[in-house]
Amino acid sequence: MYRVEYHRLRFLVVDDNTYMRRIVKTLLHGFGAREVFEAEDGAAALDAFASHYPDIVFTDWEMPLINGIDMAKLMRCSDNSVNPYVPIIMVTVHSERHRVMEARDAGVTEFLVKPLSAQTVHQRVLSVIANPRPFIRTATFFGPDRRRTKATEYNGPERRSGGEAELIAPRKLAAGLVQEG
């Protein structure tokens with residue numbers, strides 16, 4: 001059993017809707033978070049990301065200037081990214097399969113569909129801390145391994161061979177997790 005020590009983590013909440021930012025911020029504060037920074041669009045988020053070094057980012061999909069998908073790509077792949085390994089949790093009303101796959105392919109770590117609940121927010125935070133996935137670097141992708149399980153028996157044409165991708169060990173947010181027992 002694990003317990004998240006929210007007070008030891010920094011969060012960035014990105015959404016053009018003030019009300020939605022307030023909901024996520026209130027939930028995080030309710031869990032014990034002390035440092036929750038806000039941004040109203042992807043451009044402001046990139047500035048906040050560079051200055052506040054958040055441990056976890058919550059972002060909406062649709063925003064002016066830079067949307068959540070492009071923001072995630074910039075956080076992952078920009079040469080001057082302060083932490084390309086930061087867990088990014090996409091919070092959106094769009095739950096269609098192609099949207100989930102697009103977010104995954106942009107390097108988003110977890111996906112959360114609105115409306116939110118305290119339980120689902122906590123589950124996603126616990127997931128990115130307790131079960132960090134290794135990162136993959138290929139010519140066209142950098143982000144968390146898109147596979148959630150290891151299917152060793154698969155030998156089809158889509159199987160990744162060892163030579164075309166670099167596997168990078170997962171980054172743990174040890175400061176934010178305590179094992180109870």
# chains A, B, ... in the order shown; residues from 1 in each chain; ligands from 1

$ select_by_dssp --residues "chain A" --states "strand (DSSP E)" --output "PDB file with all heavy atoms, in the first residue's frame"
ATOM      1  N   TYR A   2       0.540   2.205  -0.846  1.00  0.00           N
ATOM      2  CA  TYR A   2       1.329   3.419  -0.956  1.00  0.00           C
ATOM      3  C   TYR A   2       0.503   4.634  -0.556  1.00  0.00           C
ATOM      4  O   TYR A   2      -0.712   4.654  -0.705  1.00  0.00           O
ATOM      5  CB  TYR A   2       1.807   3.619  -2.396  1.00  0.00           C
ATOM      6  CG  TYR A   2       2.827   2.604  -2.830  1.00  0.00           C
ATOM      7  CD1 TYR A   2       2.465   1.519  -3.610  1.00  0.00           C
ATOM      8  CD2 TYR A   2       4.151   2.756  -2.465  1.00  0.00           C
ATOM      9  CE1 TYR A   2       3.407   0.589  -4.012  1.00  0.00           C
ATOM     10  CE2 TYR A   2       5.102   1.829  -2.860  1.00  0.00           C
ATOM     11  CZ  TYR A   2       4.727   0.755  -3.638  1.00  0.00           C
ATOM     12  OH  TYR A   2       5.668  -0.155  -4.034  1.00  0.00           O
ATOM     13  N   ARG A   3       1.205   5.633  -0.073  1.00  0.00           N
ATOM     14  CA  ARG A   3       0.577   6.906   0.269  1.00  0.00           C
ATOM     15  C   ARG A   3       1.367   8.011  -0.430  1.00  0.00           C
ATOM     16  O   ARG A   3       2.603   8.050  -0.353  1.00  0.00           O
ATOM     17  CB  ARG A   3       0.609   7.122   1.781  1.00  0.00           C
ATOM     18  CG  ARG A   3       0.044   8.442   2.225  1.00  0.00           C
ATOM     19  CD  ARG A   3       0.044   8.527   3.730  1.00  0.00           C
ATOM     20  NE  ARG A   3       1.292   7.999   4.262  1.00  0.00           N
ATOM     21  CZ  ARG A   3       2.145   8.694   5.004  1.00  0.00           C
ATOM     22  NH1 ARG A   3       1.892   9.908   5.349  1.00  0.00           N
ATOM     23  NH2 ARG A   3       3.264   8.141   5.433  1.00  0.00           N
ATOM     24  N   VAL A   4       0.672   8.889  -1.118  1.00  0.00           N
ATOM     25  CA  VAL A   4       1.316   9.996  -1.808  1.00  0.00           C
ATOM     26  C   VAL A   4       1.504  11.145  -0.816  1.00  0.00           C
ATOM     27  O   VAL A   4       0.565  11.538  -0.135  1.00  0.00           O
ATOM     28  CB  VAL A   4       0.463  10.485  -3.005  1.00  0.00           C
ATOM     29  CG1 VAL A   4       1.102  11.696  -3.657  1.00  0.00           C
ATOM     30  CG2 VAL A   4       0.273   9.373  -4.014  1.00  0.00           C
ATOM     31  N   ARG A  10       5.433  19.453  -6.372  1.00  0.00           N
ATOM     32  CA  ARG A  10       5.005  20.692  -7.037  1.00  0.00           C
ATOM     33  C   ARG A  10       4.174  20.320  -8.249  1.00  0.00           C
ATOM     34  O   ARG A  10       4.561  19.447  -9.031  1.00  0.00           O
ATOM     35  CB  ARG A  10       6.216  21.492  -7.502  1.00  0.00           C
ATOM     36  CG  ARG A  10       6.779  22.377  -6.432  1.00  0.00           C
ATOM     37  CD  ARG A  10       7.966  23.183  -6.964  1.00  0.00           C
ATOM     38  NE  ARG A  10       9.163  22.597  -6.377  1.00  0.00           N
ATOM     39  CZ  ARG A  10      10.092  21.920  -7.014  1.00  0.00           C
ATOM     40  NH1 ARG A  10      10.060  21.776  -8.300  1.00  0.00           N
ATOM     41  NH2 ARG A  10      11.100  21.394  -6.390  1.00  0.00           N
ATOM     42  N   PHE A  11       3.050  21.000  -8.408  1.00  0.00           N
ATOM     43  CA  PHE A  11       2.132  20.730  -9.510  1.00  0.00           C
ATOM     44  C   PHE A  11       1.968  21.965 -10.376  1.00  0.00           C
ATOM     45  O   PHE A  11       2.021  23.091  -9.880  1.00  0.00           O
ATOM     46  CB  PHE A  11       0.745  20.334  -8.964  1.00  0.00           C
ATOM     47  CG  PHE A  11       0.739  19.060  -8.187  1.00  0.00           C
ATOM     48  CD1 PHE A  11       0.982  19.067  -6.817  1.00  0.00           C
ATOM     49  CD2 PHE A  11       0.498  17.841  -8.807  1.00  0.00           C
ATOM     50  CE1 PHE A  11       0.974  17.894  -6.080  1.00  0.00           C
ATOM     51  CE2 PHE A  11       0.489  16.654  -8.077  1.00  0.00           C
ATOM     52  CZ  PHE A  11       0.731  16.688  -6.705  1.00  0.00           C
ATOM     53  N   LEU A  12       1.722  21.738 -11.653  1.00  0.00           N
ATOM     54  CA  LEU A  12       1.350  22.797 -12.591  1.00  0.00           C
ATOM     55  C   LEU A  12       0.020  22.389 -13.209  1.00  0.00           C
ATOM     56  O   LEU A  12      -0.103  21.290 -13.751  1.00  0.00           O
ATOM     57  CB  LEU A  12       2.411  22.965 -13.680  1.00  0.00           C
ATOM     58  CG  LEU A  12       2.089  23.949 -14.802  1.00  0.00           C
ATOM     59  CD1 LEU A  12       1.842  25.361 -14.263  1.00  0.00           C
ATOM     60  CD2 LEU A  12       3.219  23.956 -15.838  1.00  0.00           C
ATOM     61  N   VAL A  13      -0.976  23.270 -13.087  1.00  0.00           N
ATOM     62  CA  VAL A  13      -2.310  23.018 -13.631  1.00  0.00           C
ATOM     63  C   VAL A  13      -2.534  23.995 -14.773  1.00  0.00           C
ATOM     64  O   VAL A  13      -2.494  25.217 -14.578  1.00  0.00           O
ATOM     65  CB  VAL A  13      -3.391  23.195 -12.544  1.00  0.00           C
ATOM     66  CG1 VAL A  13      -4.775  22.961 -13.131  1.00  0.00           C
ATOM     67  CG2 VAL A  13      -3.136  22.255 -11.367  1.00  0.00           C
ATOM     68  N   VAL A  14      -2.764  23.458 -15.970  1.00  0.00           N
ATOM     69  CA  VAL A  14      -2.892  24.274 -17.178  1.00  0.00           C
ATOM     70  C   VAL A  14      -4.276  24.074 -17.778  1.00  0.00           C
ATOM     71  O   VAL A  14      -4.630  22.965 -18.163  1.00  0.00           O
ATOM     72  CB  VAL A  14      -1.817  23.884 -18.221  1.00  0.00           C
ATOM     73  CG1 VAL A  14      -1.850  24.850 -19.396  1.00  0.00           C
ATOM     74  CG2 VAL A  14      -0.438  23.805 -17.590  1.00  0.00           C
ATOM     75  N   GLU A  35       2.298  23.410  -3.143  1.00  0.00           N
ATOM     76  CA  GLU A  35       2.739  24.187  -4.289  1.00  0.00           C
ATOM     77  C   GLU A  35       1.986  23.741  -5.540  1.00  0.00           C
ATOM     78  O   GLU A  35       2.309  22.713  -6.129  1.00  0.00           O
ATOM     79  CB  GLU A  35       4.240  24.037  -4.498  1.00  0.00           C
ATOM     80  CG  GLU A  35       5.073  24.612  -3.364  1.00  0.00           C
ATOM     81  CD  GLU A  35       6.542  24.521  -3.664  1.00  0.00           C
ATOM     82  OE1 GLU A  35       7.051  25.386  -4.417  1.00  0.00           O
ATOM     83  OE2 GLU A  35       7.173  23.569  -3.172  1.00  0.00           O
ATOM     84  N   VAL A  36       1.002  24.547  -5.913  1.00  0.00           N
ATOM     85  CA  VAL A  36       0.220  24.293  -7.119  1.00  0.00           C
ATOM     86  C   VAL A  36       0.235  25.577  -7.937  1.00  0.00           C
ATOM     87  O   VAL A  36      -0.314  26.588  -7.510  1.00  0.00           O
ATOM     88  CB  VAL A  36      -1.231  23.880  -6.791  1.00  0.00           C
ATOM     89  CG1 VAL A  36      -1.997  23.588  -8.077  1.00  0.00           C
ATOM     90  CG2 VAL A  36      -1.269  22.677  -5.857  1.00  0.00           C
ATOM     91  N   PHE A  37       0.894  25.531  -9.075  1.00  0.00           N
ATOM     92  CA  PHE A  37       1.003  26.689  -9.946  1.00  0.00           C
ATOM     93  C   PHE A  37      -0.020  26.564 -11.061  1.00  0.00           C
ATOM     94  O   PHE A  37      -0.407  25.457 -11.429  1.00  0.00           O
ATOM     95  CB  PHE A  37       2.422  26.796 -10.515  1.00  0.00           C
ATOM     96  CG  PHE A  37       3.464  26.803  -9.432  1.00  0.00           C
ATOM     97  CD1 PHE A  37       4.146  25.647  -9.110  1.00  0.00           C
ATOM     98  CD2 PHE A  37       3.720  27.956  -8.717  1.00  0.00           C
ATOM     99  CE1 PHE A  37       5.089  25.637  -8.093  1.00  0.00           C
ATOM    100  CE2 PHE A  37       4.663  27.960  -7.693  1.00  0.00           C
ATOM    101  CZ  PHE A  37       5.350  26.798  -7.387  1.00  0.00           C
ATOM    102  N   GLU A  38      -0.439  27.685 -11.614  1.00  0.00           N
ATOM    103  CA  GLU A  38      -1.474  27.693 -12.640  1.00  0.00           C
ATOM    104  C   GLU A  38      -0.991  28.416 -13.888  1.00  0.00           C
ATOM    105  O   GLU A  38      -0.160  29.321 -13.806  1.00  0.00           O
ATOM    106  CB  GLU A  38      -2.721  28.429 -12.141  1.00  0.00           C
ATOM    107  CG  GLU A  38      -3.404  27.806 -10.958  1.00  0.00           C
ATOM    108  CD  GLU A  38      -4.622  28.603 -10.531  1.00  0.00           C
ATOM    109  OE1 GLU A  38      -5.511  28.840 -11.383  1.00  0.00           O
ATOM    110  OE2 GLU A  38      -4.673  29.005  -9.363  1.00  0.00           O
ATOM    111  N   ALA A  39      -1.555  28.016 -15.023  1.00  0.00           N
ATOM    112  CA  ALA A  39      -1.330  28.708 -16.290  1.00  0.00           C
ATOM    113  C   ALA A  39      -2.612  28.597 -17.108  1.00  0.00           C
ATOM    114  O   ALA A  39      -3.297  27.578 -17.066  1.00  0.00           O
ATOM    115  CB  ALA A  39      -0.162  28.086 -17.049  1.00  0.00           C
ATOM    116  N   ILE A  56       4.693  17.289 -11.448  1.00  0.00           N
ATOM    117  CA  ILE A  56       3.594  16.715 -12.220  1.00  0.00           C
ATOM    118  C   ILE A  56       2.824  17.854 -12.893  1.00  0.00           C
ATOM    119  O   ILE A  56       2.577  18.886 -12.263  1.00  0.00           O
ATOM    120  CB  ILE A  56       2.638  15.890 -11.329  1.00  0.00           C
ATOM    121  CG1 ILE A  56       3.400  14.712 -10.705  1.00  0.00           C
ATOM    122  CG2 ILE A  56       1.422  15.399 -12.103  1.00  0.00           C
ATOM    123  CD1 ILE A  56       2.608  13.915  -9.682  1.00  0.00           C
ATOM    124  N   VAL A  57       2.443  17.651 -14.153  1.00  0.00           N
ATOM    125  CA  VAL A  57       1.681  18.649 -14.904  1.00  0.00           C
ATOM    126  C   VAL A  57       0.307  18.077 -15.242  1.00  0.00           C
ATOM    127  O   VAL A  57       0.202  16.967 -15.759  1.00  0.00           O
ATOM    128  CB  VAL A  57       2.410  19.029 -16.215  1.00  0.00           C
ATOM    129  CG1 VAL A  57       1.564  19.980 -17.052  1.00  0.00           C
ATOM    130  CG2 VAL A  57       3.773  19.636 -15.917  1.00  0.00           C
ATOM    131  N   PHE A  58      -0.736  18.850 -14.940  1.00  0.00           N
ATOM    132  CA  PHE A  58      -2.099  18.558 -15.390  1.00  0.00           C
ATOM    133  C   PHE A  58      -2.394  19.552 -16.495  1.00  0.00           C
ATOM    134  O   PHE A  58      -2.190  20.759 -16.306  1.00  0.00           O
ATOM    135  CB  PHE A  58      -3.125  18.783 -14.260  1.00  0.00           C
ATOM    136  CG  PHE A  58      -3.161  17.708 -13.232  1.00  0.00           C
ATOM    137  CD1 PHE A  58      -2.294  17.724 -12.159  1.00  0.00           C
ATOM    138  CD2 PHE A  58      -4.085  16.674 -13.327  1.00  0.00           C
ATOM    139  CE1 PHE A  58      -2.332  16.736 -11.189  1.00  0.00           C
ATOM    140  CE2 PHE A  58      -4.137  15.675 -12.363  1.00  0.00           C
ATOM    141  CZ  PHE A  58      -3.252  15.708 -11.291  1.00  0.00           C
ATOM    142  N   THR A  59      -2.880  19.090 -17.643  1.00  0.00           N
ATOM    143  CA  THR A  59      -3.179  20.022 -18.722  1.00  0.00           C
ATOM    144  C   THR A  59      -4.469  19.666 -19.443  1.00  0.00           C
ATOM    145  O   THR A  59      -4.807  18.499 -19.592  1.00  0.00           O
ATOM    146  CB  THR A  59      -2.029  20.100 -19.746  1.00  0.00           C
ATOM    147  OG1 THR A  59      -2.338  21.120 -20.713  1.00  0.00           O
ATOM    148  CG2 THR A  59      -1.801  18.784 -20.465  1.00  0.00           C
ATOM    149  N   ILE A  88       2.937  13.987 -17.341  1.00  0.00           N
ATOM    150  CA  ILE A  88       1.921  14.898 -17.876  1.00  0.00           C
ATOM    151  C   ILE A  88       0.596  14.145 -17.882  1.00  0.00           C
ATOM    152  O   ILE A  88       0.475  13.083 -18.502  1.00  0.00           O
ATOM    153  CB  ILE A  88       2.282  15.367 -19.294  1.00  0.00           C
ATOM    154  CG1 ILE A  88       3.623  16.098 -19.292  1.00  0.00           C
ATOM    155  CG2 ILE A  88       1.160  16.255 -19.859  1.00  0.00           C
ATOM    156  CD1 ILE A  88       4.160  16.426 -20.678  1.00  0.00           C
ATOM    157  N   ILE A  89      -0.384  14.721 -17.192  1.00  0.00           N
ATOM    158  CA  ILE A  89      -1.714  14.125 -17.113  1.00  0.00           C
ATOM    159  C   ILE A  89      -2.663  14.998 -17.925  1.00  0.00           C
ATOM    160  O   ILE A  89      -2.878  16.159 -17.588  1.00  0.00           O
ATOM    161  CB  ILE A  89      -2.184  14.009 -15.651  1.00  0.00           C
ATOM    162  CG1 ILE A  89      -1.201  13.130 -14.853  1.00  0.00           C
ATOM    163  CG2 ILE A  89      -3.608  13.447 -15.592  1.00  0.00           C
ATOM    164  CD1 ILE A  89      -1.454  13.107 -13.352  1.00  0.00           C
ATOM    165  N   MET A  90      -3.184  14.439 -19.014  1.00  0.00           N
ATOM    166  CA  MET A  90      -4.107  15.169 -19.880  1.00  0.00           C
ATOM    167  C   MET A  90      -5.500  15.083 -19.280  1.00  0.00           C
ATOM    168  O   MET A  90      -6.008  13.996 -19.031  1.00  0.00           O
ATOM    169  CB  MET A  90      -4.101  14.553 -21.285  1.00  0.00           C
ATOM    170  CG  MET A  90      -5.075  15.169 -22.269  1.00  0.00           C
ATOM    171  SD  MET A  90      -4.670  16.868 -22.741  1.00  0.00           S
ATOM    172  CE  MET A  90      -3.180  16.648 -23.685  1.00  0.00           C
ATOM    173  N   VAL A  91      -6.115  16.245 -19.035  1.00  0.00           N
ATOM    174  CA  VAL A  91      -7.463  16.329 -18.474  1.00  0.00           C
ATOM    175  C   VAL A  91      -8.346  16.951 -19.548  1.00  0.00           C
ATOM    176  O   VAL A  91      -8.148  18.106 -19.924  1.00  0.00           O
ATOM    177  CB  VAL A  91      -7.479  17.207 -17.202  1.00  0.00           C
ATOM    178  CG1 VAL A  91      -8.861  17.245 -16.597  1.00  0.00           C
ATOM    179  CG2 VAL A  91      -6.454  16.717 -16.196  1.00  0.00           C
ATOM    180  N   THR A  92      -9.315  16.191 -20.053  1.00  0.00           N
ATOM    181  CA  THR A  92     -10.071  16.665 -21.203  1.00  0.00           C
ATOM    182  C   THR A  92     -11.465  16.045 -21.255  1.00  0.00           C
ATOM    183  O   THR A  92     -11.716  15.040 -20.601  1.00  0.00           O
ATOM    184  CB  THR A  92      -9.306  16.339 -22.511  1.00  0.00           C
ATOM    185  OG1 THR A  92     -10.030  16.827 -23.635  1.00  0.00           O
ATOM    186  CG2 THR A  92      -9.065  14.851 -22.662  1.00  0.00           C
ATOM    187  N   GLU A 110      -0.590  10.102 -18.612  1.00  0.00           N
ATOM    188  CA  GLU A 110      -1.900   9.577 -18.198  1.00  0.00           C
ATOM    189  C   GLU A 110      -2.996  10.422 -18.824  1.00  0.00           C
ATOM    190  O   GLU A 110      -2.777  11.578 -19.187  1.00  0.00           O
ATOM    191  CB  GLU A 110      -2.060   9.596 -16.676  1.00  0.00           C
ATOM    192  CG  GLU A 110      -1.243   8.550 -15.947  1.00  0.00           C
ATOM    193  CD  GLU A 110      -1.729   7.138 -16.167  1.00  0.00           C
ATOM    194  OE1 GLU A 110      -2.915   6.937 -16.501  1.00  0.00           O
ATOM    195  OE2 GLU A 110      -0.920   6.206 -15.992  1.00  0.00           O
ATOM    196  N   PHE A 111      -4.180   9.867 -18.890  1.00  0.00           N
ATOM    197  CA  PHE A 111      -5.328  10.511 -19.517  1.00  0.00           C
ATOM    198  C   PHE A 111      -6.470  10.502 -18.516  1.00  0.00           C
ATOM    199  O   PHE A 111      -6.748   9.474 -17.903  1.00  0.00           O
ATOM    200  CB  PHE A 111      -5.714   9.714 -20.770  1.00  0.00           C
ATOM    201  CG  PHE A 111      -6.496  10.472 -21.778  1.00  0.00           C
ATOM    202  CD1 PHE A 111      -5.878  11.285 -22.708  1.00  0.00           C
ATOM    203  CD2 PHE A 111      -7.878  10.373 -21.812  1.00  0.00           C
ATOM    204  CE1 PHE A 111      -6.604  11.974 -23.658  1.00  0.00           C
ATOM    205  CE2 PHE A 111      -8.621  11.058 -22.748  1.00  0.00           C
ATOM    206  CZ  PHE A 111      -7.979  11.860 -23.683  1.00  0.00           C
ATOM    207  N   LEU A 112      -7.123  11.637 -18.335  1.00  0.00           N
ATOM    208  CA  LEU A 112      -8.200  11.776 -17.362  1.00  0.00           C
ATOM    209  C   LEU A 112      -9.352  12.516 -18.027  1.00  0.00           C
ATOM    210  O   LEU A 112      -9.181  13.624 -18.519  1.00  0.00           O
ATOM    211  CB  LEU A 112      -7.683  12.548 -16.150  1.00  0.00           C
ATOM    212  CG  LEU A 112      -8.550  12.690 -14.930  1.00  0.00           C
ATOM    213  CD1 LEU A 112      -9.004  11.337 -14.406  1.00  0.00           C
ATOM    214  CD2 LEU A 112      -7.770  13.423 -13.844  1.00  0.00           C
ATOM    215  N   VAL A 113     -10.525  11.888 -18.055  1.00  0.00           N
ATOM    216  CA  VAL A 113     -11.679  12.464 -18.732  1.00  0.00           C
ATOM    217  C   VAL A 113     -12.543  13.233 -17.735  1.00  0.00           C
ATOM    218  O   VAL A 113     -12.824  12.750 -16.635  1.00  0.00           O
ATOM    219  CB  VAL A 113     -12.509  11.365 -19.429  1.00  0.00           C
ATOM    220  CG1 VAL A 113     -13.735  11.946 -20.105  1.00  0.00           C
ATOM    221  CG2 VAL A 113     -11.649  10.623 -20.449  1.00  0.00           C
ATOM    222  N   PHE A 135      10.994   5.413 -20.353  1.00  0.00           N
ATOM    223  CA  PHE A 135      10.842   6.293 -21.500  1.00  0.00           C
ATOM    224  C   PHE A 135      11.494   5.656 -22.716  1.00  0.00           C
ATOM    225  O   PHE A 135      12.460   4.905 -22.594  1.00  0.00           O
ATOM    226  CB  PHE A 135      11.469   7.659 -21.207  1.00  0.00           C
ATOM    227  CG  PHE A 135      10.518   8.622 -20.560  1.00  0.00           C
ATOM    228  CD1 PHE A 135       9.914   8.323 -19.356  1.00  0.00           C
ATOM    229  CD2 PHE A 135      10.220   9.823 -21.169  1.00  0.00           C
ATOM    230  CE1 PHE A 135       9.022   9.191 -18.760  1.00  0.00           C
ATOM    231  CE2 PHE A 135       9.328  10.714 -20.578  1.00  0.00           C
ATOM    232  CZ  PHE A 135       8.734  10.397 -19.369  1.00  0.00           C
ATOM    233  N   ILE A 136      10.929   5.993 -23.862  1.00  0.00           N
ATOM    234  CA  ILE A 136      11.408   5.470 -25.143  1.00  0.00           C
ATOM    235  C   ILE A 136      11.854   6.655 -25.995  1.00  0.00           C
ATOM    236  O   ILE A 136      11.164   7.673 -26.061  1.00  0.00           O
ATOM    237  CB  ILE A 136      10.277   4.728 -25.899  1.00  0.00           C
ATOM    238  CG1 ILE A 136       9.737   3.565 -25.079  1.00  0.00           C
ATOM    239  CG2 ILE A 136      10.730   4.296 -27.280  1.00  0.00           C
ATOM    240  CD1 ILE A 136      10.687   2.423 -24.890  1.00  0.00           C
ATOM    241  N   ARG A 137      13.008   6.500 -26.625  1.00  0.00           N
ATOM    242  CA  ARG A 137      13.452   7.515 -27.585  1.00  0.00           C
ATOM    243  C   ARG A 137      13.678   6.821 -28.918  1.00  0.00           C
ATOM    244  O   ARG A 137      14.446   5.872 -29.021  1.00  0.00           O
ATOM    245  CB  ARG A 137      14.742   8.183 -27.132  1.00  0.00           C
ATOM    246  CG  ARG A 137      15.196   9.287 -28.075  1.00  0.00           C
ATOM    247  CD  ARG A 137      16.497   9.940 -27.680  1.00  0.00           C
ATOM    248  NE  ARG A 137      16.542  10.378 -26.302  1.00  0.00           N
ATOM    249  CZ  ARG A 137      16.063  11.546 -25.840  1.00  0.00           C
ATOM    250  NH1 ARG A 137      15.493  12.376 -26.673  1.00  0.00           N
ATOM    251  NH2 ARG A 137      16.174  11.868 -24.571  1.00  0.00           N
ATOM    252  N   PHE A 142       9.486  10.623 -28.278  1.00  0.00           N
ATOM    253  CA  PHE A 142      10.139  10.591 -26.971  1.00  0.00           C
ATOM    254  C   PHE A 142       9.055  10.739 -25.919  1.00  0.00           C
ATOM    255  O   PHE A 142       8.275  11.692 -25.943  1.00  0.00           O
ATOM    256  CB  PHE A 142      11.171  11.712 -26.810  1.00  0.00           C
ATOM    257  CG  PHE A 142      11.774  11.710 -25.428  1.00  0.00           C
ATOM    258  CD1 PHE A 142      12.648  10.705 -25.051  1.00  0.00           C
ATOM    259  CD2 PHE A 142      11.439  12.681 -24.506  1.00  0.00           C
ATOM    260  CE1 PHE A 142      13.182  10.677 -23.773  1.00  0.00           C
ATOM    261  CE2 PHE A 142      11.968  12.658 -23.232  1.00  0.00           C
ATOM    262  CZ  PHE A 142      12.846  11.657 -22.861  1.00  0.00           C
ATOM    263  N   GLY A 143       9.001   9.788 -25.024  1.00  0.00           N
ATOM    264  CA  GLY A 143       8.005   9.850 -23.962  1.00  0.00           C
ATOM    265  C   GLY A 143       7.897   8.525 -23.260  1.00  0.00           C
ATOM    266  O   GLY A 143       8.681   7.599 -23.504  1.00  0.00           O
ATOM    267  N   PRO A 144       6.884   8.409 -22.375  1.00  0.00           N
ATOM    268  CA  PRO A 144       6.705   7.155 -21.658  1.00  0.00           C
ATOM    269  C   PRO A 144       6.389   6.019 -22.619  1.00  0.00           C
ATOM    270  O   PRO A 144       5.728   6.221 -23.627  1.00  0.00           O
ATOM    271  CB  PRO A 144       5.503   7.417 -20.743  1.00  0.00           C
ATOM    272  CG  PRO A 144       5.205   8.865 -20.837  1.00  0.00           C
ATOM    273  CD  PRO A 144       5.885   9.405 -22.039  1.00  0.00           C
ATOM    274  N   GLU A 166      15.720   3.511 -27.984  1.00  0.00           N
ATOM    275  CA  GLU A 166      16.491   3.582 -26.755  1.00  0.00           C
ATOM    276  C   GLU A 166      15.511   3.525 -25.585  1.00  0.00           C
ATOM    277  O   GLU A 166      14.571   4.305 -25.512  1.00  0.00           O
ATOM    278  CB  GLU A 166      17.277   4.898 -26.717  1.00  0.00           C
ATOM    279  CG  GLU A 166      18.042   5.118 -25.447  1.00  0.00           C
ATOM    280  CD  GLU A 166      18.691   6.488 -25.394  1.00  0.00           C
ATOM    281  OE1 GLU A 166      18.539   7.283 -26.336  1.00  0.00           O
ATOM    282  OE2 GLU A 166      19.346   6.762 -24.380  1.00  0.00           O
ATOM    283  N   LEU A 167      15.711   2.591 -24.681  1.00  0.00           N
ATOM    284  CA  LEU A 167      14.860   2.456 -23.505  1.00  0.00           C
ATOM    285  C   LEU A 167      15.558   3.141 -22.342  1.00  0.00           C
ATOM    286  O   LEU A 167      16.701   2.833 -22.026  1.00  0.00           O
ATOM    287  CB  LEU A 167      14.629   0.973 -23.196  1.00  0.00           C
ATOM    288  CG  LEU A 167      13.693   0.652 -22.052  1.00  0.00           C
ATOM    289  CD1 LEU A 167      12.274   1.115 -22.385  1.00  0.00           C
ATOM    290  CD2 LEU A 167      13.704  -0.837 -21.780  1.00  0.00           C
ATOM    291  N   ILE A 168      14.870   4.078 -21.710  1.00  0.00           N
ATOM    292  CA  ILE A 168      15.446   4.861 -20.618  1.00  0.00           C
ATOM    293  C   ILE A 168      14.698   4.501 -19.338  1.00  0.00           C
ATOM    294  O   ILE A 168      13.471   4.516 -19.304  1.00  0.00           O
ATOM    295  CB  ILE A 168      15.331   6.365 -20.919  1.00  0.00           C
ATOM    296  CG1 ILE A 168      16.033   6.666 -22.253  1.00  0.00           C
ATOM    297  CG2 ILE A 168      15.906   7.202 -19.792  1.00  0.00           C
ATOM    298  CD1 ILE A 168      15.661   7.987 -22.872  1.00  0.00           C
ATOM    299  N   LEU A 177       6.303   9.698  -2.498  1.00  0.00           N
ATOM    300  CA  LEU A 177       5.660   8.414  -2.264  1.00  0.00           C
ATOM    301  C   LEU A 177       6.222   7.761  -1.000  1.00  0.00           C
ATOM    302  O   LEU A 177       7.430   7.723  -0.802  1.00  0.00           O
ATOM    303  CB  LEU A 177       5.891   7.492  -3.453  1.00  0.00           C
ATOM    304  CG  LEU A 177       5.139   6.185  -3.461  1.00  0.00           C
ATOM    305  CD1 LEU A 177       3.637   6.441  -3.608  1.00  0.00           C
ATOM    306  CD2 LEU A 177       5.628   5.317  -4.590  1.00  0.00           C
ATOM    307  N   VAL A 178       5.341   7.270  -0.168  1.00  0.00           N
ATOM    308  CA  VAL A 178       5.734   6.554   1.041  1.00  0.00           C
ATOM    309  C   VAL A 178       5.020   5.222   1.029  1.00  0.00           C
ATOM    310  O   VAL A 178       3.816   5.161   0.794  1.00  0.00           O
ATOM    311  CB  VAL A 178       5.366   7.347   2.322  1.00  0.00           C
ATOM    312  CG1 VAL A 178       5.611   6.526   3.551  1.00  0.00           C
ATOM    313  CG2 VAL A 178       6.133   8.650   2.369  1.00  0.00           C
ATOM    314  N   GLN A 179       5.752   4.162   1.293  1.00  0.00           N
ATOM    315  CA  GLN A 179       5.147   2.845   1.368  1.00  0.00           C
ATOM    316  C   GLN A 179       4.681   2.603   2.790  1.00  0.00           C
ATOM    317  O   GLN A 179       5.433   2.790   3.737  1.00  0.00           O
ATOM    318  CB  GLN A 179       6.123   1.766   0.939  1.00  0.00           C
ATOM    319  CG  GLN A 179       5.486   0.410   0.846  1.00  0.00           C
ATOM    320  CD  GLN A 179       6.365  -0.596   0.156  1.00  0.00           C
ATOM    321  OE1 GLN A 179       7.480  -0.303  -0.235  1.00  0.00           O
ATOM    322  NE2 GLN A 179       5.869  -1.804   0.001  1.00  0.00           N
TER     323      GLN A 179
END

$ closest_residue --among "A:Arg22, A:Lys73, A:His29, A:Arg104" --to "A:His122" --atoms "only C-alpha atoms"
A:His29

$ atom_distance --atom1 "atom CA of A:Val82" --atom2 "atom CA of A:Leu9"
16.1 Å

$ residues_around --residues "A:Gly30" --least-positions-apart "4" --cutoff "10 Å" --atoms "only C-alpha atoms" --output "list in words"
Tyr6, Val24, Lys25, Thr26, Arg34 and Ala118 of chain A

$ write_last_selection --atoms "N, CA, C and O atoms" --output "tab-separated table (two decimals), in the first residue's frame"
chain	number	residue	atom	x	y	z
A	6	TYR	N	1.69	14.51	-0.92
A	6	TYR	CA	1.41	15.65	-1.80
A	6	TYR	C	2.18	16.90	-1.38
A	6	TYR	O	2.56	17.70	-2.23
A	24	VAL	N	-9.17	21.58	-9.93
A	24	VAL	CA	-7.99	20.73	-9.80
A	24	VAL	C	-7.10	21.22	-8.66
A	24	VAL	O	-6.63	20.43	-7.83
A	25	LYS	N	-6.92	22.52	-8.59
A	25	LYS	CA	-6.09	23.10	-7.52
A	25	LYS	C	-6.69	22.80	-6.15
A	25	LYS	O	-5.97	22.42	-5.22
A	26	THR	N	-7.99	22.93	-6.02
A	26	THR	CA	-8.66	22.66	-4.75
A	26	THR	C	-8.52	21.19	-4.36
A	26	THR	O	-8.26	20.86	-3.19
A	34	ARG	N	1.03	21.72	-1.38
A	34	ARG	CA	1.29	23.11	-0.97
A	34	ARG	C	1.64	24.00	-2.15
A	34	ARG	O	1.35	25.17	-2.14
A	118	ALA	N	-12.32	13.36	-7.06
A	118	ALA	CA	-11.13	13.32	-6.22
A	118	ALA	C	-10.43	11.97	-6.38
A	118	ALA	O	-9.20	11.90	-6.46
